[in-house]
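Notes follow the structure.
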Amino acid sequence: MALEGTIRDFGLPDIFQLIGLQRKTGLLTLKSEHESVVVTFENGMVVMADSSSKRLEDRLGNVLVKQGKLPKERLDESLQTQRATLQRLGHILLSNNYITSKDLKDALQVQVAQIVFKLFRWRDGDYHFAPAEAVDYDRDNFTPMSADFILMEGIRMVDEWPIIEKKIPSLDIVFRAVVDGSMIEIRSADDAAADAPAGPAEGKRGSASTSKIRLTGEEERVYRRIDGSRTVQGIIDATGLGEFEACRTLFDLLNRNIIAPVGRGMVRDTAGGGTEGLAANWLPGYVIIGVAVLAALVGLARTWREPFGISGFPGSLSAITDDLRKWVLVTGLERVDRGIVGYYLARARLPATLAEVADADLVDRTALSLRPLSYVISGEREFRLEALDEAGNAIPGTRIERTLPAMKQR
């Protein structure tokens, strides 16, 4: 039995959830006014996705070129071979030793995920799921993605996109570096562990290191692509990161005054063919994704009499959305709380500010800048942590209070 209808009547998260829960195999075709996308499922897992606006293999090859992993002339040569032999582009690139197996697997995984996640920008369109006995995909180089994973990604994005888009409203924004590249220092996990016992102004590298700006490997990967002319979309392509990860990192660099916007450029090679704002494109979809995740977590998975029956779904989603936002908020606070405790255990004292916890690489700095947090030290070993709303008032249900064990001063 085929599943078909319009996105307005039955949302994409519901479609993905139904296919995933019932472990269906087949092709989900989605059509909008400007684009057609086919998502391939095997036993409820996403194993491939392709778009009419830009074929996956063209997208894959271009990204490998932009990352410097494949010369343009070798891509052109491989595409000619692909058209003549109908072999997969990845197979051709690997058999000629043009790229490594890891390069292909990483790029393919990101590109398929990008196609799928862009679907949740759609506000209208038709869908049709055709069951099949078997489907074809690159089994050697692609790891199937569960429908649950696709929905779960929305949990960490739903609360952050609207904040990120205030500073990065479009993928055509261009940034420039405002600090010299020689001031950048890569902060590895080993460095963080080695530096943990030291005071906030001390470290293994000595006083000269304290004047450096410390970036994680992923932050440095994004920073090195910022040249005053490349757009956000260009940075995404050049780094091979997903849009959310790249924009989240740019947001952090912007908040730390490491980069600054210089204007807008032209977005090239975008899957959607436009430069719409992130708020319009991402927020509605990820709110819906998050809602679907929470619905699954609270036990909406049921056994339907019909292959795609939808009985049992709640009449109102507003309460679920509120609960999801609270869950995301509390989860973020718990990460900050663990960072504070880790700082105390390493230094035998509480950090004076949350910035010290970030400097010690015990919490993601972006997590501190995405929303207002109140951190109050009420004693030598006691602190209170809670989230604030835009008016500066404490959000009920987010308070964490701790009294930590006494430790000897080092």
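Convention: chains lettered A, B, ... in structure tokens order; per-chain residue numbering from 1; ligands numbered from 1 as shown.
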Contact residues around A:Thr143 with only C-alpha atoms at 12 Å, ignoring same-chain residues under 3 positions, as a PyMOL selection string: chain A and resi 42+45-48+104-110+112-113+137-140+146
- request: Apply DSSP to the structure's backbone, then extract all residues of stretch 50-237 of chain A labelled helix (DSSP H, G or I) and return them as a PyMOL selection string.
  value: chain A and resi 56-66+72-85+89-95+101-121+147-158+161-167+181-183+189-195+207-211+217-223+232-237
Written selection (C-alpha atoms) as an mmCIF file, in the first residue's frame:
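Full text of again-v9.cif as output:
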data_model
loop_
_atom_site.group_PDB
_atom_site.id
_atom_site.type_symbol
_atom_site.label_atom_id
_atom_site.label_comp_id
_atom_site.auth_asym_id
_atom_site.auth_seq_id
_atom_site.Cartn_x
_atom_site.Cartn_y
_atom_site.Cartn_z
ATOM 1 C CA LEU A 56 24.138 13.669 -5.693
ATOM 2 C CA GLU A 57 27.183 12.620 -7.712
ATOM 3 C CA ASP A 58 27.680 16.147 -9.089
ATOM 4 C CA ARG A 59 27.299 17.564 -5.589
ATOM 5 C CA LEU A 60 29.665 14.949 -4.176
ATOM 6 C CA GLY A 61 32.351 15.615 -6.778
ATOM 7 C CA ASN A 62 32.147 19.392 -6.402
ATOM 8 C CA VAL A 63 32.507 19.188 -2.630
ATOM 9 C CA LEU A 64 35.587 16.957 -2.930
ATOM 10 C CA VAL A 65 37.078 19.513 -5.356
ATOM 11 C CA LYS A 66 36.309 22.447 -3.046
ATOM 12 C CA LYS A 72 38.862 19.464 -11.085
ATOM 13 C CA GLU A 73 40.272 17.792 -14.169
ATOM 14 C CA ARG A 74 40.107 14.368 -12.490
ATOM 15 C CA LEU A 75 36.499 14.987 -11.545
ATOM 16 C CA ASP A 76 35.639 15.909 -15.145
ATOM 17 C CA GLU A 77 37.433 12.809 -16.389
ATOM 18 C CA SER A 78 35.630 10.608 -13.848
ATOM 19 C CA LEU A 79 32.232 12.076 -14.714
ATOM 20 C CA GLN A 80 32.830 11.271 -18.386
ATOM 21 C CA THR A 81 33.683 7.694 -17.410
ATOM 22 C CA GLN A 82 30.592 7.554 -15.221
ATOM 23 C CA ARG A 83 28.328 8.647 -18.057
ATOM 24 C CA ALA A 84 29.879 6.091 -20.398
ATOM 25 C CA THR A 85 29.902 3.126 -18.018
ATOM 26 C CA LEU A 89 31.242 8.036 -9.314
ATOM 27 C CA GLY A 90 32.641 6.908 -5.983
ATOM 28 C CA HIS A 91 33.688 3.557 -7.425
ATOM 29 C CA ILE A 92 35.498 5.288 -10.284
ATOM 30 C CA LEU A 93 37.304 7.706 -7.969
ATOM 31 C CA LEU A 94 38.404 4.902 -5.648
ATOM 32 C CA SER A 95 39.476 2.498 -8.384
ATOM 33 C CA SER A 101 37.858 5.465 1.012
ATOM 34 C CA LYS A 102 37.492 7.709 4.061
ATOM 35 C CA ASP A 103 37.206 10.808 1.878
ATOM 36 C CA LEU A 104 34.370 9.203 -0.046
ATOM 37 C CA LYS A 105 32.524 7.863 2.988
ATOM 38 C CA ASP A 106 32.709 11.188 4.840
ATOM 39 C CA ALA A 107 31.612 13.254 1.862
ATOM 40 C CA LEU A 108 28.812 10.878 0.888
ATOM 41 C CA GLN A 109 27.435 10.791 4.417
ATOM 42 C CA VAL A 110 27.361 14.587 4.702
ATOM 43 C CA GLN A 111 25.846 15.120 1.260
ATOM 44 C CA VAL A 112 23.011 12.634 1.752
ATOM 45 C CA ALA A 113 22.277 14.102 5.189
ATOM 46 C CA GLN A 114 22.213 17.611 3.701
ATOM 47 C CA ILE A 115 19.668 16.604 1.055
ATOM 48 C CA VAL A 116 17.450 14.972 3.665
ATOM 49 C CA PHE A 117 17.630 17.820 6.171
ATOM 50 C CA LYS A 118 16.897 20.424 3.499
ATOM 51 C CA LEU A 119 13.564 18.688 2.980
ATOM 52 C CA PHE A 120 12.399 19.970 6.326
ATOM 53 C CA ARG A 121 12.550 23.508 4.943
ATOM 54 C CA ALA A 147 14.817 7.644 10.872
ATOM 55 C CA ASP A 148 15.271 8.150 14.618
ATOM 56 C CA PHE A 149 18.702 9.680 14.024
ATOM 57 C CA ILE A 150 17.284 12.097 11.464
ATOM 58 C CA LEU A 151 14.612 13.157 13.927
ATOM 59 C CA MET A 152 16.978 13.255 16.912
ATOM 60 C CA GLU A 153 19.210 15.759 15.144
ATOM 61 C CA GLY A 154 16.336 18.199 15.495
ATOM 62 C CA ILE A 155 16.589 18.096 19.287
ATOM 63 C CA ARG A 156 19.879 19.962 19.407
ATOM 64 C CA MET A 157 19.003 22.257 16.516
ATOM 65 C CA VAL A 158 15.479 23.304 17.464
ATOM 66 C CA TRP A 161 18.738 27.922 15.057
ATOM 67 C CA PRO A 162 16.601 30.960 15.942
ATOM 68 C CA ILE A 163 19.473 32.368 18.003
ATOM 69 C CA ILE A 164 22.125 31.615 15.387
ATOM 70 C CA GLU A 165 20.069 33.155 12.571
ATOM 71 C CA LYS A 166 19.934 36.509 14.368
ATOM 72 C CA LYS A 167 23.628 36.927 13.540
ATOM 73 C CA GLY A 181 46.344 33.920 11.942
ATOM 74 C CA SER A 182 49.570 33.697 13.947
ATOM 75 C CA MET A 183 47.538 34.345 17.092
ATOM 76 C CA ALA A 189 41.977 17.117 23.957
ATOM 77 C CA ASP A 190 45.450 16.131 25.193
ATOM 78 C CA ASP A 191 46.303 19.798 25.788
ATOM 79 C CA ALA A 192 43.119 20.283 27.795
ATOM 80 C CA ALA A 193 43.865 17.254 29.974
ATOM 81 C CA ALA A 194 47.455 18.321 30.550
ATOM 82 C CA ASP A 195 46.453 21.881 31.431
ATOM 83 C CA SER A 207 52.888 32.599 29.561
ATOM 84 C CA ALA A 208 53.468 33.118 25.835
ATOM 85 C CA SER A 209 50.601 30.734 25.158
ATOM 86 C CA THR A 210 48.114 32.745 27.203
ATOM 87 C CA SER A 211 48.094 35.527 24.585
ATOM 88 C CA GLY A 217 40.236 21.533 15.493
ATOM 89 C CA GLU A 218 36.773 22.078 14.012
ATOM 90 C CA GLU A 219 36.828 25.803 14.830
ATOM 91 C CA GLU A 220 40.234 26.149 13.181
ATOM 92 C CA ARG A 221 38.948 24.244 10.161
ATOM 93 C CA VAL A 222 36.215 26.862 9.713
ATOM 94 C CA TYR A 223 38.421 29.843 10.617
ATOM 95 C CA VAL A 232 28.850 30.990 4.509
ATOM 96 C CA GLN A 233 27.747 28.484 1.866
ATOM 97 C CA GLY A 234 31.284 28.507 0.474
ATOM 98 C CA ILE A 235 32.673 27.779 3.932
ATOM 99 C CA ILE A 236 30.233 24.893 4.327
ATOM 100 C CA ASP A 237 31.341 23.449 0.990
#
query: Excluding same-chain residues fewer than 5 positions from A:Ser374, what lies within 7 Å of it counting only C-alpha atoms, as number ranges by chain?
result: A: 385-388
Write to file, as a compact mmCIF listing (two decimals), in the first residue's frame, the residues of the selection just made, with N, CA and C atoms.
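This went into part_26.txt:
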# COMPACT_ATOMS: atom_id res chain seq x y z
N LEU A 385 22.99 27.37 39.27
CA LEU A 385 23.00 27.59 37.82
C LEU A 385 21.57 27.50 37.32
N GLU A 386 21.15 28.46 36.49
CA GLU A 386 19.81 28.40 35.90
C GLU A 386 19.77 29.23 34.63
N ALA A 387 18.78 28.94 33.81
CA ALA A 387 18.60 29.66 32.55
C ALA A 387 17.68 30.84 32.76
N LEU A 388 17.91 31.90 31.96
CA LEU A 388 17.10 33.11 32.05
C LEU A 388 16.36 33.34 30.74
query: If you count only C-alpha atoms, which residues fall within 10 Å of A:Arg365, apart from same-chain ones fewer than 2 positions away, as a PyMOL selection string?
result: chain A and resi 249+252-253+255-256+336+354-359+361-363+367-370
- request: Could you find all residues in stretch 19-240 of chain A that DSSP calls strand (DSSP E or B) from the backbone, and write them as an MDAnalysis selection string?
  value: chainID A and resid 26:31 36:42 45:51 126:131 145:146 170 173:177 184:186 213:215 231
- prompt: Smallest atom-to-atom distance to A:Ile259: which of A:Arg176, A:Arg381, A:Arg347, A:Lys212, using only C-alpha atoms?
  reply: A:Arg176
query: Which neighbours of A:Ser52 fall inside 8 Å, counting only C-alpha atoms, when residues of the same chain fewer than 3 positions from it are skipped, and could you give them as a list of chain:residue names?
result: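 Within the cut-off, the hits are A:Glu35, A:Ser36, A:Val37, A:Arg55.
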- request: May I ask for the distance between atom CA of A:Asp172 and atom CA of A:Gly240, given in Å to one decimal place?
  value: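 Calculated distance between atom CA of A:Asp172 and atom CA of A:Gly240 is 17.0 Å.
In this model, the gap between atom CA of A:Lys24 and atom CA of A:Arg88 comes to 24.8 Å.
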Atom-to-atom span, atom CA of A:Ala406 and atom CA of A:Leu373, Å: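 Computing the Euclidean distance for atom CA of A:Ala406 and atom CA of A:Leu373 yields 25.5 Å.
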Give me the residues within 8 Å of A:Val38 as a short mmCIF file (atom, residue, chain, number, x, y, z; two decimals) with N, CA and C atoms, in the first residue's frame, counting only C-alpha atoms and dropping any in the same chain fewer than 3 places off.
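out14.cif was written with the following content:
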data_model
loop_
_atom_site.label_atom_id
_atom_site.label_comp_id
_atom_site.auth_asym_id
_atom_site.auth_seq_id
_atom_site.Cartn_x
_atom_site.Cartn_y
_atom_site.Cartn_z
N LEU A 27 10.96 3.74 -2.03
CA LEU A 27 11.37 5.07 -2.44
C LEU A 27 10.33 6.10 -2.02
N LEU A 28 10.79 7.13 -1.33
CA LEU A 28 9.94 8.25 -0.96
C LEU A 28 10.26 9.40 -1.90
N THR A 29 9.29 9.78 -2.74
CA THR A 29 9.47 10.86 -3.70
C THR A 29 8.72 12.09 -3.21
N LEU A 30 9.42 13.21 -3.13
CA LEU A 30 8.82 14.46 -2.69
C LEU A 30 8.98 15.50 -3.79
N ALA A 49 19.79 9.51 -1.00
CA ALA A 49 18.90 10.63 -1.31
C ALA A 49 19.47 11.35 -2.52
N ASP A 50 18.60 11.76 -3.42
CA ASP A 50 19.04 12.46 -4.62
C ASP A 50 18.04 13.56 -4.96
N SER A 51 18.54 14.59 -5.61
CA SER A 51 17.71 15.76 -5.91
C SER A 51 17.76 16.09 -7.40
#
